[in-house]
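Next comes my_file16.pdb, a file with PDB, C-alpha atoms.
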ATOM      1  CA  MET A   1       1.836  -3.807 -18.760
ATOM      2  CA  GLY A   2       0.877  -6.983 -20.386
ATOM      3  CA  GLU A   3       0.114  -7.990 -23.905
ATOM      4  CA  ILE A   4      -2.117  -5.542 -25.724
ATOM      5  CA  PRO A   5      -4.198  -6.495 -28.718
ATOM      6  CA  ARG A   6      -2.674  -5.265 -31.952
ATOM      7  CA  GLU A   7      -5.787  -3.298 -32.805
ATOM      8  CA  THR A   8      -5.734  -1.436 -29.515
ATOM      9  CA  THR A   9      -2.041  -0.731 -29.879
ATOM     10  CA  GLY A  10      -2.645   0.620 -33.349
ATOM     11  CA  SER A  11      -5.412   2.876 -32.089
ATOM     12  CA  PHE A  12      -3.266   4.014 -29.234
ATOM     13  CA  ASP A  13      -0.391   4.891 -31.569
ATOM     14  CA  ARG A  14      -2.804   6.807 -33.743
ATOM     15  CA  VAL A  15      -4.122   8.808 -30.787
ATOM     16  CA  VAL A  16      -0.575   9.560 -29.678
ATOM     17  CA  ARG A  17       0.349  10.858 -33.118
ATOM     18  CA  GLU A  18      -2.809  12.916 -33.378
ATOM     19  CA  ARG A  19      -2.576  14.416 -29.916
ATOM     20  CA  GLU A  20       1.104  14.640 -29.102
ATOM     21  CA  ILE A  21       1.444  18.222 -30.305
ATOM     22  CA  GLN A  22      -1.556  19.317 -28.265
ATOM     23  CA  VAL A  23      -0.247  17.665 -25.117
ATOM     24  CA  LEU A  24       3.368  18.706 -25.487
ATOM     25  CA  ARG A  25       2.575  22.291 -26.388
ATOM     26  CA  THR A  26       0.077  22.726 -23.569
ATOM     27  CA  ALA A  27       2.535  21.307 -21.086
ATOM     28  CA  PHE A  28       5.251  23.577 -22.393
ATOM     29  CA  ARG A  29       3.021  26.655 -22.147
ATOM     30  CA  ILE A  30       2.219  25.886 -18.535
ATOM     31  CA  LEU A  31       5.626  24.689 -17.415
ATOM     32  CA  GLY A  32       7.846  26.953 -19.471
ATOM     33  CA  ASN A  33      10.460  24.400 -20.485
ATOM     34  CA  TRP A  34      10.642  21.509 -22.883
ATOM     35  CA  ALA A  35      12.293  18.964 -20.624
ATOM     36  CA  ASP A  36       9.458  19.102 -18.092
ATOM     37  CA  ALA A  37       6.888  19.273 -20.861
ATOM     38  CA  GLU A  38       8.277  16.073 -22.378
ATOM     39  CA  ASP A  39       8.091  14.304 -19.013
ATOM     40  CA  VAL A  40       4.508  15.381 -18.576
ATOM     41  CA  ALA A  41       3.553  14.397 -22.118
ATOM     42  CA  GLN A  42       5.067  10.982 -21.609
ATOM     43  CA  GLU A  43       3.141  10.488 -18.381
ATOM     44  CA  VAL A  44      -0.079  11.685 -20.015
ATOM     45  CA  PHE A  45       0.177   9.082 -22.766
ATOM     46  CA  LEU A  46       1.082   6.329 -20.340
ATOM     47  CA  ARG A  47      -2.010   7.183 -18.356
ATOM     48  CA  LEU A  48      -4.036   7.139 -21.535
ATOM     49  CA  HIS A  49      -2.697   3.690 -22.238
ATOM     50  CA  ARG A  50      -3.669   2.459 -18.797
ATOM     51  CA  HIS A  51      -7.045   4.167 -19.029
ATOM     52  CA  GLY A  52      -7.878   2.676 -22.395
ATOM     53  CA  LEU A  53      -9.476   4.251 -25.398
ATOM     54  CA  GLU A  54     -13.087   3.862 -24.487
ATOM     55  CA  PHE A  55     -14.178   7.437 -24.962
ATOM     56  CA  ALA A  56     -17.562   8.548 -26.130
ATOM     57  CA  SER A  57     -16.114  10.689 -28.885
ATOM     58  CA  ASP A  58     -12.916  12.025 -30.324
ATOM     59  CA  GLY A  59     -13.554  15.279 -28.522
ATOM     60  CA  ALA A  60     -13.788  13.392 -25.259
ATOM     61  CA  VAL A  61     -10.255  12.081 -25.787
ATOM     62  CA  GLY A  62      -9.050  15.646 -26.292
ATOM     63  CA  GLY A  63     -10.817  16.851 -23.169
ATOM     64  CA  TRP A  64      -9.447  13.976 -21.139
ATOM     65  CA  LEU A  65      -5.927  14.670 -22.397
ATOM     66  CA  TYR A  66      -6.196  18.367 -21.567
ATOM     67  CA  ARG A  67      -7.441  17.556 -18.086
ATOM     68  CA  VAL A  68      -4.660  15.088 -17.324
ATOM     69  CA  THR A  69      -2.047  17.383 -18.824
ATOM     70  CA  VAL A  70      -3.165  20.342 -16.751
ATOM     71  CA  ASN A  71      -3.343  18.265 -13.569
ATOM     72  CA  LEU A  72       0.136  16.887 -14.058
ATOM     73  CA  CYS A  73       1.516  20.324 -14.853
ATOM     74  CA  VAL A  74      -0.135  21.870 -11.791
ATOM     75  CA  ASP A  75       1.242  19.069  -9.609
ATOM     76  CA  ARG A  76       4.674  19.623 -11.066
ATOM     77  CA  THR A  77       4.601  23.346 -10.488
ATOM     78  CA  ARG A  78       3.586  22.731  -6.886
ATOM     79  CA  SER A  79       6.460  20.369  -6.244
ATOM     80  CA  ALA A  80       9.129  22.419  -7.975
ATOM     81  CA  ARG A  81       9.667  25.902  -9.183
ATOM     82  CA  VAL A  82       8.970  26.256 -12.839
ATOM     83  CA  SER A  83      12.093  27.168 -14.676
ATOM     84  CA  GLN A  84      11.609  30.234 -16.716
ATOM     85  CA  GLU A  85      13.389  29.060 -19.769
ATOM     86  CA  LEU A  86      12.401  31.314 -22.612
ATOM     87  CA  PRO A  87      10.322  29.710 -25.280
ATOM     88  CA  GLU A  88      12.205  28.408 -28.234
ATOM     89  CA  LEU A  89       9.427  27.606 -30.586
ATOM     90  CA  VAL A  90      10.277  27.472 -34.210
ATOM     91  CA  SER A  91       9.343  30.753 -35.823
ATOM     92  CA  ARG A  92       7.331  30.989 -38.933
ATOM     93  CA  ASP A  93       8.644  32.589 -42.025
ATOM     94  CA  ARG A  94       7.878  36.254 -41.610
ATOM     95  CA  SER A  95       9.667  39.386 -42.346
ATOM     96  CA  ALA A  96      12.681  39.573 -40.100
ATOM     97  CA  GLU A  97      11.606  42.703 -38.244
ATOM     98  CA  THR A  98       8.062  41.562 -37.548
ATOM     99  CA  ALA A  99       9.341  38.190 -36.467
ATOM    100  CA  VAL A 100      11.822  39.710 -34.047
ATOM    101  CA  LEU A 101       9.203  42.012 -32.547
ATOM    102  CA  MET A 102       6.680  39.241 -32.275
ATOM    103  CA  GLU A 103       9.250  36.958 -30.717
ATOM    104  CA  GLU A 104      10.192  39.585 -28.189
ATOM    105  CA  LYS A 105       6.559  40.168 -27.200
ATOM    106  CA  LYS A 106       5.965  36.485 -26.990
ATOM    107  CA  GLN A 107       8.937  35.915 -24.768
ATOM    108  CA  ARG A 108       7.944  38.705 -22.425
ATOM    109  CA  LEU A 109       4.421  37.387 -22.258
ATOM    110  CA  MET A 110       5.577  33.865 -21.554
ATOM    111  CA  THR A 111       7.916  35.079 -18.854
ATOM    112  CA  ALA A 112       5.059  36.995 -17.255
ATOM    113  CA  LEU A 113       2.776  33.983 -17.641
ATOM    114  CA  ALA A 114       5.214  31.858 -15.684
ATOM    115  CA  LEU A 115       4.742  34.183 -12.710
ATOM    116  CA  LEU A 116       1.016  33.474 -12.445
ATOM    117  CA  PRO A 117      -0.445  30.843 -10.140
ATOM    118  CA  ALA A 118      -0.588  27.464 -11.856
ATOM    119  CA  LYS A 119      -4.362  27.310 -12.191
ATOM    120  CA  GLU A 120      -4.643  30.795 -13.645
ATOM    121  CA  ARG A 121      -1.799  30.047 -16.011
ATOM    122  CA  ALA A 122      -3.487  26.861 -17.134
ATOM    123  CA  ALA A 123      -6.765  28.712 -17.680
ATOM    124  CA  VAL A 124      -5.069  31.332 -19.850
ATOM    125  CA  VAL A 125      -3.134  28.736 -21.827
ATOM    126  CA  LEU A 126      -6.208  26.651 -22.554
ATOM    127  CA  ARG A 127      -8.519  29.552 -23.291
ATOM    128  CA  GLU A 128      -6.271  32.044 -25.021
ATOM    129  CA  ILE A 129      -3.562  29.913 -26.637
ATOM    130  CA  GLU A 130      -5.256  26.570 -27.217
ATOM    131  CA  GLY A 131      -8.516  28.302 -28.052
ATOM    132  CA  LEU A 132     -10.815  26.081 -25.979
ATOM    133  CA  SER A 133     -14.240  27.290 -24.995
ATOM    134  CA  THR A 134     -14.858  28.363 -21.412
ATOM    135  CA  ALA A 135     -16.844  25.177 -20.824
ATOM    136  CA  GLU A 136     -13.975  23.039 -22.115
ATOM    137  CA  VAL A 137     -11.496  24.884 -19.938
ATOM    138  CA  ALA A 138     -13.775  24.439 -16.944
ATOM    139  CA  ALA A 139     -13.980  20.711 -17.660
ATOM    140  CA  ALA A 140     -10.218  20.457 -17.990
ATOM    141  CA  LEU A 141      -9.607  22.333 -14.763
ATOM    142  CA  GLY A 142     -12.415  20.662 -12.890
ATOM    143  CA  SER A 143     -14.049  23.954 -11.998
ATOM    144  CA  SER A 144     -17.061  25.982 -13.044
ATOM    145  CA  GLU A 145     -17.273  28.297 -16.024
ATOM    146  CA  VAL A 146     -17.731  31.252 -13.713
ATOM    147  CA  THR A 147     -14.510  30.393 -11.949
ATOM    148  CA  VAL A 148     -12.704  30.064 -15.245
ATOM    149  CA  ARG A 149     -13.922  33.441 -16.450
ATOM    150  CA  SER A 150     -12.842  34.989 -13.196
ATOM    151  CA  GLN A 151      -9.445  33.286 -13.340
ATOM    152  CA  ILE A 152      -8.814  34.442 -16.889
ATOM    153  CA  SER A 153      -9.898  37.960 -16.148
ATOM    154  CA  LYS A 154      -7.647  38.165 -13.086
ATOM    155  CA  ALA A 155      -4.787  36.589 -14.989
ATOM    156  CA  LEU A 156      -4.961  39.110 -17.805
ATOM    157  CA  VAL A 157      -4.967  41.969 -15.309
ATOM    158  CA  ARG A 158      -1.948  40.531 -13.556
ATOM    159  CA  LEU A 159      -0.132  39.950 -16.827
ATOM    160  CA  ARG A 160      -0.715  43.516 -17.843
ATOM    161  CA  GLY A 161       0.566  44.667 -14.507
ATOM    162  CA  ILE A 162       3.711  42.568 -14.793
ATOM    163  CA  LEU A 163       4.396  43.683 -18.362
ATOM    164  CA  ASN A 164       3.774  47.360 -17.531
ATOM    165  CA  ARG A 165       6.177  47.146 -14.569
ATOM    166  CA  GLU A 166       8.779  45.731 -16.942
ATOM    167  CA  GLU A 167       8.264  48.549 -19.360
ATOM    168  CA  VAL A 168       8.743  51.231 -16.701
TER     169      VAL A 168
ATOM    170  CA  MET B   1       1.080  45.802 -23.768
ATOM    171  CA  ASN B   2      -2.679  46.010 -23.466
ATOM    172  CA  GLU B   3      -5.170  43.194 -23.297
ATOM    173  CA  GLN B   4      -5.867  43.276 -26.994
ATOM    174  CA  GLU B   5      -2.196  42.943 -27.847
ATOM    175  CA  MET B   6      -1.804  40.142 -25.390
ATOM    176  CA  ARG B   7      -4.665  38.205 -26.937
ATOM    177  CA  GLU B   8      -3.129  38.772 -30.342
ATOM    178  CA  VAL B   9       0.213  37.399 -29.228
ATOM    179  CA  PHE B  10      -1.504  34.438 -27.644
ATOM    180  CA  ARG B  11      -3.378  33.722 -30.833
ATOM    181  CA  GLY B  12      -0.118  33.906 -32.748
ATOM    182  CA  MET B  13       1.300  31.230 -30.497
ATOM    183  CA  ARG B  14      -1.642  28.926 -31.119
ATOM    184  CA  GLU B  15      -0.328  27.160 -34.171
ATOM    185  CA  GLU B  16       3.356  27.343 -33.483
ATOM    186  CA  PRO B  17       5.053  24.099 -34.280
ATOM    187  CA  VAL B  18       6.646  22.017 -31.610
ATOM    188  CA  PRO B  19      10.292  20.928 -31.878
ATOM    189  CA  ALA B  20      10.414  17.646 -33.735
ATOM    190  CA  ASP B  21      13.051  16.181 -31.449
ATOM    191  CA  SER B  22      10.807  16.724 -28.413
ATOM    192  CA  LEU B  23       7.977  14.901 -30.134
ATOM    193  CA  ALA B  24      10.288  12.079 -31.124
ATOM    194  CA  ARG B  25      11.612  11.749 -27.589
ATOM    195  CA  VAL B  26       8.110  11.575 -26.130
ATOM    196  CA  ARG B  27       7.044   8.960 -28.664
ATOM    197  CA  THR B  28      10.122   6.838 -28.067
ATOM    198  CA  ARG B  29       9.828   6.986 -24.301
ATOM    199  CA  VAL B  30       6.139   6.105 -24.380
ATOM    200  CA  GLU B  31       6.829   3.182 -26.718
ATOM    201  CA  GLU B  32       9.595   1.946 -24.468
ATOM    202  CA  ARG B  33       7.501   2.139 -21.366
ATOM    203  CA  ILE B  34       4.518   0.431 -22.947
ATOM    204  CA  HIS B  35       6.398  -2.416 -24.553
ATOM    205  CA  ARG B  36       8.855  -2.888 -21.754
ATOM    206  CA  PRO B  37       8.890  -6.483 -20.606
ATOM    207  CA  ARG B  38       7.001  -7.036 -17.477
ATOM    208  CA  TRP B  39       9.824  -8.302 -15.329
ATOM    209  CA  VAL B  40      10.442  -6.543 -12.121
ATOM    210  CA  SER B  41      13.446  -4.302 -12.081
ATOM    211  CA  PRO B  42      16.335  -5.447  -9.883
ATOM    212  CA  TRP B  43      16.154  -2.466  -7.593
ATOM    213  CA  LYS B  44      12.540  -3.254  -6.849
ATOM    214  CA  VAL B  45      13.500  -6.797  -5.949
ATOM    215  CA  ALA B  46      16.284  -5.468  -3.751
ATOM    216  CA  ALA B  47      13.929  -3.029  -2.078
ATOM    217  CA  ALA B  48      11.417  -5.789  -1.437
ATOM    218  CA  LEU B  49      14.117  -8.000   0.070
ATOM    219  CA  VAL B  50      15.365  -5.217   2.307
ATOM    220  CA  MET B  51      11.846  -4.511   3.444
ATOM    221  CA  ALA B  52      11.197  -8.157   4.157
ATOM    222  CA  GLY B  53      14.447  -8.285   6.139
ATOM    223  CA  CYS B  54      13.440  -5.253   8.154
ATOM    224  CA  ILE B  55      10.075  -6.757   8.941
ATOM    225  CA  ALA B  56      11.669 -10.012   9.991
ATOM    226  CA  ALA B  57      14.192  -8.172  12.152
ATOM    227  CA  GLY B  58      11.378  -6.191  13.678
ATOM    228  CA  PHE B  59       9.571  -9.338  14.591
ATOM    229  CA  LEU B  60      12.663 -10.839  16.064
ATOM    230  CA  PHE B  61      14.093  -7.950  18.023
ATOM    231  CA  LEU B  62      11.298  -5.540  18.606
ATOM    232  CA  ARG B  63       8.588  -7.811  19.675
ATOM    233  CA  PRO B  64       6.887  -6.575  22.804
ATOM    234  CA  VAL B  65       8.579  -7.608  25.940
ATOM    235  CA  ARG B  66       6.395 -10.012  27.707
ATOM    236  CA  MET B  67       6.091  -9.745  31.386
ATOM    237  CA  PRO B  68       7.406 -12.889  32.838
ATOM    238  CA  VAL B  69       4.449 -14.922  33.497
ATOM    239  CA  ARG B  70       4.733 -16.750  36.643
ATOM    240  CA  THR B  71       3.848 -20.151  35.814
ATOM    241  CA  VAL B  72       2.319 -21.782  38.685
ATOM    242  CA  GLU B  73       3.616 -25.189  38.571
ATOM    243  CA  PRO B  74       1.089 -27.585  39.759
ATOM    244  CA  ALA B  75       2.110 -29.002  43.000
ATOM    245  CA  PRO B  76       3.630 -32.309  42.414
ATOM    246  CA  HIS B  77       1.210 -34.866  43.244
ATOM    247  CA  GLU B  78       2.180 -36.092  46.516
ATOM    248  CA  ILE B  79       2.327 -39.639  46.484
ATOM    249  CA  ALA B  80       0.802 -40.569  49.637
ATOM    250  CA  GLN B  81       3.191 -42.723  51.234
ATOM    251  CA  VAL B  82       1.195 -45.165  52.929
ATOM    252  CA  GLN B  83       3.055 -45.963  56.005
ATOM    253  CA  PRO B  84       2.825 -49.428  56.761
ATOM    254  CA  PRO B  85       0.754 -49.737  59.823
ATOM    255  CA  PRO B  86       2.819 -49.941  62.883
ATOM    256  CA  GLU B  87       3.772 -53.324  63.287
ATOM    257  CA  ILE B  88       1.600 -54.865  65.716
ATOM    258  CA  PRO B  89       3.754 -57.074  67.597
ATOM    259  CA  VAL B  90       2.619 -60.287  66.566
ATOM    260  CA  ARG B  91       2.186 -62.344  69.509
ATOM    261  CA  ALA B  92       3.702 -65.457  69.102
ATOM    262  CA  ALA B  93       1.088 -67.938  68.943
ATOM    263  CA  PRO B  94       0.655 -69.239  72.326
ATOM    264  CA  GLU B  95       2.323 -72.385  72.594
ATOM    265  CA  PRO B  96      -0.102 -75.064  73.113
ATOM    266  CA  ARG B  97      -0.384 -75.536  76.680
ATOM    267  CA  ARG B  98       1.116 -78.573  77.741
ATOM    268  CA  ALA B  99      -1.318 -80.466  79.434
ATOM    269  CA  ARG B 100      -0.198 -80.439  82.872
ATOM    270  CA  PRO B 101       0.048 -83.843  83.894
ATOM    271  CA  ARG B 102      -2.715 -84.338  86.226
ATOM    272  CA  PRO B 103      -1.911 -85.951  89.237
ATOM    273  CA  VAL B 104      -2.967 -89.378  88.790
ATOM    274  CA  GLU B 105      -5.364 -90.146  91.443
ATOM    275  CA  ALA B 106      -4.070 -92.856  93.289
ATOM    276  CA  ALA B 107      -6.159 -95.784  92.877
ATOM    277  CA  PRO B 108      -8.035 -96.401  95.966
ATOM    278  CA  SER B 109      -6.016 -98.580  97.933
ATOM    279  CA  ILE B 110      -7.727-101.750  98.485
ATOM    280  CA  VAL B 111      -8.088-102.413 102.005
ATOM    281  CA  PRO B 112      -8.440-105.980 102.881
ATOM    282  CA  GLY B 113     -11.918-106.911 103.860
ATOM    283  CA  MET B 114     -13.353-104.059 101.832
ATOM    284  CA  LEU B 115     -16.548-104.611  99.949
ATOM    285  CA  ILE B 116     -16.878-103.003  96.558
ATOM    286  CA  ARG B 117     -20.337-102.664  95.152
ATOM    287  CA  ILE B 118     -20.666-102.140  91.436
ATOM    288  CA  GLU B 119     -24.080-101.322  90.207
ATOM    289  CA  THR B 120     -25.071-102.285  86.765
ATOM    290  CA  PRO B 121     -27.713-100.863  84.558
ATOM    291  CA  ASP B 122     -29.823-103.611  85.520
ATOM    292  CA  PRO B 123     -31.062-102.694  88.893
ATOM    293  CA  ASP B 124     -31.475-106.233  89.625
ATOM    294  CA  VAL B 125     -27.847-106.957  89.063
ATOM    295  CA  VAL B 126     -25.276-105.667  91.522
ATOM    296  CA  ILE B 127     -21.772-106.793  91.494
ATOM    297  CA  LEU B 128     -20.155-107.069  94.809
ATOM    298  CA  LEU B 129     -16.495-107.477  95.081
ATOM    299  CA  VAL B 130     -15.181-108.656  98.314
ATOM    300  CA  ASN B 131     -11.499-108.467  98.965
TER     301      ASN B 131
END

Will you turn the file into structure tokens for me?
Amino acid sequence: MGEIPRETTGSFDRVVREREIQVLRTAFRILGNWADAEDVAQEVFLRLHRHGLEFASDGAVGGWLYRVTVNLCVDRTRSARVSQELPELVSRDRSAETAVLMEEKKQRLMTALALLPAKERAAVVLREIEGLSTAEVAAALGSSEVTVRSQISKALVRLRGILNREEV
Amino acid sequence: MNEQEMREVFRGMREEPVPADSLARVRTRVEERIHRPRWVSPWKVAAALVMAGCIAAGFLFLRPVRMPVRTVEPAPHEIAQVQPPPEIPVRAAPEPRRARPRPVEAAPSIVPGMLIRIETPDPDVVILLVN
């Protein structure tokens, strides 16, 4: 990578700081461990650097980042089994009991999520956790909205099945 | 856990913070990769050299065996040896014939009393020799 104009570098740094949480968290939700998520996030930003910052809007950057993140995560899950490291996100200040219960539910859900096919998992993460619209998820996954709705619906059924089996 | 509860848990995860050290590591690694000098890493150079060596070796040792082409050597130009024509026996130049000495006609013997008549161009003149 050659010399980059200072202005571009500054813009790039700004985008990285604005979007790093989005990228890292999405990757972690799909992959289930921080080490892999960090690798993916790094690759996503390097690709952004190569791609350049010529996006139509700020939202377009976000969409592009989601798409690349999901693609890299799906590729990674195809090439290697996703480790099912339990999430270690920093908990908010809550009452101890509620926090423990919430944490337990969260961990079970994340463990079940890791058992879903990569595309379904990505659809659930983007739609349910990241809060994207169905159209945005479809754009990120490169599929239609109908497919996304179907994937999410199937995924939720499967998750419920997995969690109910655990409870039995 | 029903669907409603699941969605609730998911929503709760939406704004969870990300470990600061992970963010810092990503930032640092991206910075390093972007601002890394452009020189080629030594292992890449080594790999390129090995590959070049392999290609060279391939050319040298694995080149297709060529069927021996029979080179038809052009027949050496025969130098026509021009045989000298058989020697024609050169006849020795005939020696000039020696003029055989002609027998000298004996001069008519002059008989006494013999009359010799010598005619001259002039019909009127006739020389008469009387022995």

Exercise for the section: Report the distance between CA of Ile116 in chain B and CA of Leu129 in chain B in Å, rounded to one decimal place. Expected result: 4.7 Å

Exercise for the section: Compute the chain B side of the contact with chain A at 6 Å, counting all atoms listed in the file, and hand it back as a VMD selection string. Expected result: chain B and resid 10 to 11 14 26 30

Print the selection's residues with C-alpha atoms to a file, as a PDB file, in the coordinates of the input.
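What landed in selection-v2.pdb:
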ATOM      1  CA  PHE B  10      -1.504  34.438 -27.644  1.00  0.00           C
ATOM      2  CA  ARG B  11      -3.378  33.722 -30.833  1.00  0.00           C
ATOM      3  CA  ARG B  14      -1.642  28.926 -31.119  1.00  0.00           C
ATOM      4  CA  VAL B  26       8.110  11.575 -26.130  1.00  0.00           C
ATOM      5  CA  VAL B  30       6.139   6.105 -24.380  1.00  0.00           C
TER       6      VAL B  30
END

Within 8 Å of range 70-81 of chain A, counting all atoms listed in the file, which residues show up once you throw out same-chain ones fewer than 5 positions away? Write them as a compact mmCIF listing (two decimals) with C-alpha atoms, in the coordinates of the input, please.
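Output below, filename part-v2.txt:
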# COMPACT_ATOMS: atom_id res chain seq x y z
CA THR A 26 0.08 22.73 -23.57
CA ALA A 27 2.54 21.31 -21.09
CA ILE A 30 2.22 25.89 -18.54
CA LEU A 31 5.63 24.69 -17.42
CA VAL A 40 4.51 15.38 -18.58
CA VAL A 44 -0.08 11.68 -20.02
CA ALA A 118 -0.59 27.46 -11.86
CA LYS A 119 -4.36 27.31 -12.19
CA ALA A 122 -3.49 26.86 -17.13
CA ALA A 140 -10.22 20.46 -17.99
CA LEU A 141 -9.61 22.33 -14.76

Completion exercise
Taken to one decimal, the CA of Leu115 in chain B-CA of Ile127 in chain B distance is 10.2 Å

Problem - Atom pair CA of Glu145 in chain A / CA of Leu132 in chain A: separation (Å) - result: 12.1 Å

Exercise for the section: Rank nothing, just name the residue among A:Leu48, A:Arg165, A:Ala155, A:Ala99 nearest to Thr69 in chain A, using all atoms listed in the file. Expected result: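 Smallest separation from Thr69 in chain A among the options: A:Leu48.
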
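Applied to this file, the PyMOL selection byres ((chain A and resi 139) around 12) selects Ala60, Gly62, Gly63, Trp64, Leu65, Tyr66, Arg67, Val68, Val70, Asn71, Ala123, Leu126, Arg127, Leu132, Ser133, Thr134, Ala135, Glu136, Val137, Ala138, Ala140, Leu141, Gly142, Ser143, Ser144, Glu145, Val146, Thr147 and Val148 of chain A.
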